[in-house]
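Engineer: Handing you this structure, nothing more for now.
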Amino acid sequence: MKISIRTLLTVPFLLQLFTVVGIVGWLSFRNGQEAVNTVVDKLREETSERVYQRVQLYLATPHLANQLNAQAFESGALNLGNSEELEQYFWNQLKAFHAVGGTGRNEVANELNDSVNNIYIGTEGGELYGAEHHVDSQQLAIMRANASTGNQLRLYKVDAQGTVTDQEVRIASGNLYDPRRRPWYREAQVISGDAAWSSIYGDYSSGKAGITAVYPIYEQGELLGVLASDLLFAEIQEFLNDLGISEKGEAFILDQNGCILTASDLPDVGRSQPPIVGQNQAPNPCEQGEDQPTLLRAGSSGNPLIDQVPDCLRQPLSQIGATTAFECEVNERYFLQVAPLSDDYGLNWLIFVAIPESDFMGQIYDNNWKTLGLCMIALAIATGVGLVTARWISQPILLLKESARSLSESVGGELPSIEISNPSELEILADTFSVMANRLKQSFDKQERLNVSYRRFVPREFVEILRRDITEVELGDNVEQDKMSILFADIRSFTTLSEGMTAEDNFAFINAYLSRMEPLIAEQHGFIDKYIGDAIMALFGGSADDAVQAGIKMLETLAQYNQTRTTKDRKPIRIGIGINTGKLMLGTIGGRNRMDGTVISDEVNLASRLEGLTKRYGVSLLISEQTLQALQDREHYHYRFLGSVKVKGRMQVVDVYEIFDGDSQEILEQKSAGKATFEQAIRLYQSQDFLPAKTHFQEALRYYPDDQAALFYIERCAFYQQQELPDDWIGVEEFVEK
């Protein structure tokens with residue numbers, strides 16, 4: 001039976017509209033609070049689990065440090081008779097935990113490792129050796145208390161190799177310091193050689209409340225000392241502050257006596273004594289002992305929610321053995337969850353997460369009334385509009401049907417039909433648009449494949465810099481960039497390598513090499529402007545560090561690639577990399593039928609020349625003075641000054657530097673050791689003191705015998721000792737070849 005579209009639009013439409021509006025209004029009122037309860041339950045469960053796991057990891061880290069140190073003593077790698085070795089070891093270990101100057105760790109790993117503030121050992125002789133990460137200054141220092149410090153606890157600065165300097169960071173206290181009198185040491189002596197936690201006490205150096213992971217070490221049954229690693233509650237409190245549970249949600253940790261260990265709503269984290277530590281006068285279970293902090297207790301803390309929690313639980317804190325969800329009325333309704341936390345070292349804590357109902361229900365109540373009002377308005381409007389629309393909608397659909405049929409016939413082709421029996425007018429329309437949809441899909445798929453192909457030949461980043469769509473790029477479009485870095489990389493002696501290969505082998509070799517280099521450039525936010533045979537020209541629009549890091553990673557990856565080549569009896573390859581930073585012009589050049597994107601700037605020429613100079617100096621990575629100045633943290637890199645040069649096509653003198661982080665560890669250490677001597681030789685050379693300069697270059701060769709740069713300058717010194725210098729000679733090497 002064929003039904004008119006006018007009838008089909010009017011009757012079912014009104015019937016469905018009345019039904020849907022009624023159901024939606026009823027369900028909106030009924031399910032609002034249930035939805036909130038579900039969301040809150042899930043939120044508090046996930047938040048509680050997150051806090052539980054993070055605190056567990058915080059607690060595990062100090063014991064891990066102690067276990068590593070205990071193993072070092074048991075294996076004989078460390079002994080108490082060498083205090084300098086102990087200090088160096090603890091400093092290196094703390095540096096590794098905090099990854100000073102390191103990269104590659106995620107945010108969670110950084111926070112957990114940073115929770116280890118002190119690593120040290122107290123001896124039975126009353127001495128202390130260790131390293132400290134100061135929370136406020138973020139500095140690493142050596143801790144020492146022995147006869148050399150007047151038995152005071154002192155902290156000393158160290159150099160880059162961890163060697164103690166004579167400069168003190170500060171005196172932790174003017175009082176005499178005996179580790180054997182500290183709580184962590186006294187409590188460690190009463191256990192039988194096992195790891196444990198100390199009681200809560202005030203840190204001697206920072207004054208902050210914390211606990212210490214302790215591990216006594218013995219030799220033939222005799223106590224030698226106690227290994228220790230501190231955990232300050234301020235670190236956990238910072239994590240709780242950053243949770244962002246909800247607008248007024250809270251998280252806090254109690255022990256089974258109801259003592260407050262830390263909470264998310266306490267201010268001034270990291271400044272002096274955390275406010276969670278009070279000075280209660282009356283004896284109570286939260287009192288830690290003589291000269292130690294007294295913790296606030298749930299019920300007298302001044303926080304209404306925390307004070308009310310023991311009553312809302314309806315069972316003693318000490319009897320909570322599993323995760324428990326409950327509710328509490330404190331001026332308003334709170335949803336809470338408590339999870340017991342214990343470990344093998346004696347801790348028994350309770351983690352609480354609290355979420356107020358008002359953070360969610362206020363908006364639900366408002367939305368309920370708004371929904372009801374909107375439903376009534378929509379019902380009235382839709383009823384009127386539906387009746388009017390049904391009268392005149394049929395004619396436009398018929399016109400649309402004829403237009404769609406004409407369009408389908410112009411496209412052509414046969415496709416499977418869609419069977420629709422009612423309304424009759426839409427039966428033809430469905431068939432017609434099925435054809436159109438399939439044709440359009442084929443067209444879109446083809447266009448997408450075409451776009452992907454375009455991006456392989458025209459860098460997407462280049463088009464973005466031009467601020468154009470690929471379809472809008474025209475000949476002569478250009479834009480000026482104030483600061484970009486250019487990287488040139490080229491394979492050394494590629495012609496010699498390629499002579500022994502077929503054309504197919506040549507392409508396979510180049511593609512194997514380039515496929516390893518291209519991702520490294522993309523990872524550092526750069527893009528390849530063009531391939532010039534085996535050479536790469538890449539651009540970096542961000543920090544100059546991106547370009548330098550890309551060059552270092554290319555050299556490291558090349559070293560790994562050479563290992564695979566060696567196993568296949570193939571010659572290892574070497575590359576030279578030149579990097580320069582400056583102002584560039586990017587644009588399109590060519591003709592009406594063929595154009596290309598390019599970069600025009602004298603800075604590009606300099607980057608290419610620097611790559612060429614790597615051969616002359618026998619190095620792998622050269623950068624210009626402009627690039628060095630643009631680095632955000634140049635001390636992060638190993639570099640040395642190679643001199644001042646004039647390159648072909650450029651009158652301006654350029655200072656060039658070698659970055660040797662990409663060299664092997666052995667060569668890196670040799671160059672670092674001889675850096676000062678080499679650079680002093682350069683200064684003497686530029687001052688025309690050729691004899692002492694030559695001597696210094698020869699001295700530099702003692703550190704790194706294969707230093708081609710030093711050999712180059714030794715030859716230049718010998719040359720200038722026999723030649724009369726021009727009046728305008730200022731120690732600049734002029735290179736006329738590319």
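We label chains A, B, ... in the order they appear in the structure tokens, count residues from 1 in each chain, and number ligands from 1 in the order shown.
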Write out as a PyMOL selection string each polymer residue whose atoms come within 12 Å of range 665-667 of chain A, counting only C-alpha atoms; drop sequence neighbours fewer than 6 positions from it.

Structural biologist: chain A and resi 556+559+619+638+673-675+703-707

Engineer: Out of range 128-244 of chain A, which residues get helix (DSSP H, G or I) from DSSP, as a PyMOL selection string?

Structural biologist: chain A and resi 147-149+179-181+183-189+233-241

Engineer: Looking at A:Asn331, A:Asn82, A:Thr163, A:Thr212, which one is nearest to His63 in chain A, with distances taken over only C-alpha atoms?

Structural biologist: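 Checking each of A:Asn331, A:Asn82, A:Thr163, A:Thr212 against His63 in chain A, counting only C-alpha atoms, the winner is A:Thr212.
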
Engineer: Could you jot down the CA of Ser620 in chain A to CA of Lys530 in chain A separation for me, Å, one decimal place?

Structural biologist: 20.8 Å

Engineer: If we count only C-alpha atoms, what is near range 624-632 of chain A at a cut-off of 9 Å, once residues fewer than 2 positions away on the same chain are taken out, given as an MDAnalysis selection string?

Structural biologist: chainID A and resid 485 543:545 548 578:582 606:607 610 622 634 654:658

Engineer: To one decimal place in Å, what is the distance between CA of Glu480 in chain A and CA of Leu621 in chain A?

Structural biologist: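 Atom-to-atom, CA of Glu480 in chain A and CA of Leu621 in chain A are spaced 26.9 Å apart.
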
Engineer: Please measure the separation of CA of Ala382 in chain A and CA of Leu15 in chain A, giving the value in Å to one decimal.

Structural biologist: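 Spanning CA of Ala382 in chain A to CA of Leu15 in chain A is a straight-line distance of 11.5 Å.
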
Engineer: Select, from A:Gln67, A:Asn562, A:Thr496, A:Thr123, the residue with the minimum atom-to-atom distance to Gly81 in chain A, counting only C-alpha atoms.

Structural biologist: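 Checking each candidate against Gly81 in chain A, we get A:Thr123 as the closest.
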
Engineer: Using only C-alpha atoms, find the one residue out of A:Thr294, A:Gln708, A:Ser83, A:Gln680 that sits nearest to Gly122 in chain A.

Structural biologist: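 When distances to Gly122 in chain A are compared using only C-alpha atoms, the smallest one comes from A:Ser83.
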
Engineer: Pick from A:Lys157, A:Lys553, A:Arg492, A:Arg182: nearest to Ala522 in chain A, with only C-alpha atoms counted?

Structural biologist: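 Ranking A:Lys157, A:Lys553, A:Arg492, A:Arg182 by distance to Ala522 in chain A, first place goes to A:Lys553.
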
Engineer: So, with only C-alpha atoms as the atoms that count, which of A:Leu520, A:Leu227, A:Leu295, A:Leu27 lies closest to Tyr185 in chain A?

Structural biologist: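 Ranking A:Leu520, A:Leu227, A:Leu295, A:Leu27 by distance to Tyr185 in chain A, first place goes to A:Leu227.
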
Engineer: Would you pick out the contacts of Ala70 in chain A at 10 Å or less, using only C-alpha atoms, so that residues sharing its chain but fewer than 2 positions from it are not included, and give the list as a PDB file with N, CA and C atoms, in the first residue's frame?

Structural biologist:
```pdb
ATOM      1  N   LEU A  64      63.854   1.023  47.698  1.00  0.00           N
ATOM      2  CA  LEU A  64      64.638   0.563  46.551  1.00  0.00           C
ATOM      3  C   LEU A  64      66.052   1.123  46.614  1.00  0.00           C
ATOM      4  N   ALA A  65      66.151   2.412  46.973  1.00  0.00           N
ATOM      5  CA  ALA A  65      67.480   3.024  47.087  1.00  0.00           C
ATOM      6  C   ALA A  65      68.308   2.311  48.151  1.00  0.00           C
ATOM      7  N   ASN A  66      67.688   1.999  49.310  1.00  0.00           N
ATOM      8  CA  ASN A  66      68.423   1.314  50.379  1.00  0.00           C
ATOM      9  C   ASN A  66      68.869  -0.085  49.954  1.00  0.00           C
ATOM     10  N   GLN A  67      68.002  -0.801  49.252  1.00  0.00           N
ATOM     11  CA  GLN A  67      68.353  -2.157  48.812  1.00  0.00           C
ATOM     12  C   GLN A  67      69.538  -2.136  47.857  1.00  0.00           C
ATOM     13  N   LEU A  68      69.539  -1.147  46.936  1.00  0.00           N
ATOM     14  CA  LEU A  68      70.671  -1.042  46.018  1.00  0.00           C
ATOM     15  C   LEU A  68      71.963  -0.767  46.781  1.00  0.00           C
ATOM     16  N   ALA A  72      75.435  -3.043  47.348  1.00  0.00           N
ATOM     17  CA  ALA A  72      76.771  -2.534  47.054  1.00  0.00           C
ATOM     18  C   ALA A  72      77.727  -2.829  48.212  1.00  0.00           C
ATOM     19  N   PHE A  73      77.249  -2.701  49.473  1.00  0.00           N
ATOM     20  CA  PHE A  73      78.093  -3.029  50.617  1.00  0.00           C
ATOM     21  C   PHE A  73      78.348  -4.533  50.685  1.00  0.00           C
ATOM     22  N   GLU A  74      77.311  -5.340  50.463  1.00  0.00           N
ATOM     23  CA  GLU A  74      77.470  -6.790  50.547  1.00  0.00           C
ATOM     24  C   GLU A  74      78.424  -7.316  49.483  1.00  0.00           C
ATOM     25  N   SER A  75      78.418  -6.674  48.292  1.00  0.00           N
ATOM     26  CA  SER A  75      79.301  -7.135  47.225  1.00  0.00           C
ATOM     27  C   SER A  75      80.720  -6.609  47.369  1.00  0.00           C
ATOM     28  N   GLY A  76      80.934  -5.700  48.331  1.00  0.00           N
ATOM     29  CA  GLY A  76      82.267  -5.123  48.506  1.00  0.00           C
ATOM     30  C   GLY A  76      82.544  -3.928  47.627  1.00  0.00           C
ATOM     31  N   LEU A  78      81.322  -1.038  48.045  1.00  0.00           N
ATOM     32  CA  LEU A  78      81.427   0.103  48.948  1.00  0.00           C
ATOM     33  C   LEU A  78      81.939  -0.381  50.297  1.00  0.00           C
ATOM     34  N   TYR A 215      67.792   0.704  56.800  1.00  0.00           N
ATOM     35  CA  TYR A 215      68.274  -0.646  56.535  1.00  0.00           C
ATOM     36  C   TYR A 215      69.628  -0.798  57.248  1.00  0.00           C
ATOM     37  N   PRO A 216      69.684  -1.519  58.378  1.00  0.00           N
ATOM     38  CA  PRO A 216      70.956  -1.693  59.085  1.00  0.00           C
ATOM     39  C   PRO A 216      71.859  -2.663  58.330  1.00  0.00           C
ATOM     40  N   ILE A 217      73.151  -2.376  58.369  1.00  0.00           N
ATOM     41  CA  ILE A 217      74.113  -3.269  57.721  1.00  0.00           C
ATOM     42  C   ILE A 217      75.064  -3.804  58.796  1.00  0.00           C
ATOM     43  N   TYR A 218      75.375  -5.080  58.652  1.00  0.00           N
ATOM     44  CA  TYR A 218      76.198  -5.773  59.644  1.00  0.00           C
ATOM     45  C   TYR A 218      77.408  -6.401  58.970  1.00  0.00           C
ATOM     46  N   VAL A 226      73.687   2.375  59.522  1.00  0.00           N
ATOM     47  CA  VAL A 226      72.307   2.304  59.050  1.00  0.00           C
ATOM     48  C   VAL A 226      72.188   3.090  57.750  1.00  0.00           C
ATOM     49  N   LEU A 227      71.741   2.412  56.681  1.00  0.00           N
ATOM     50  CA  LEU A 227      71.417   3.085  55.425  1.00  0.00           C
ATOM     51  C   LEU A 227      70.048   3.734  55.552  1.00  0.00           C
TER      52      LEU A 227
END
```

Engineer: For Leu155 in chain A, which of A:Tyr531, A:Gly130, A:Ala547, A:Asp178 is the closest residue, counting only C-alpha atoms?

Structural biologist: A:Gly130
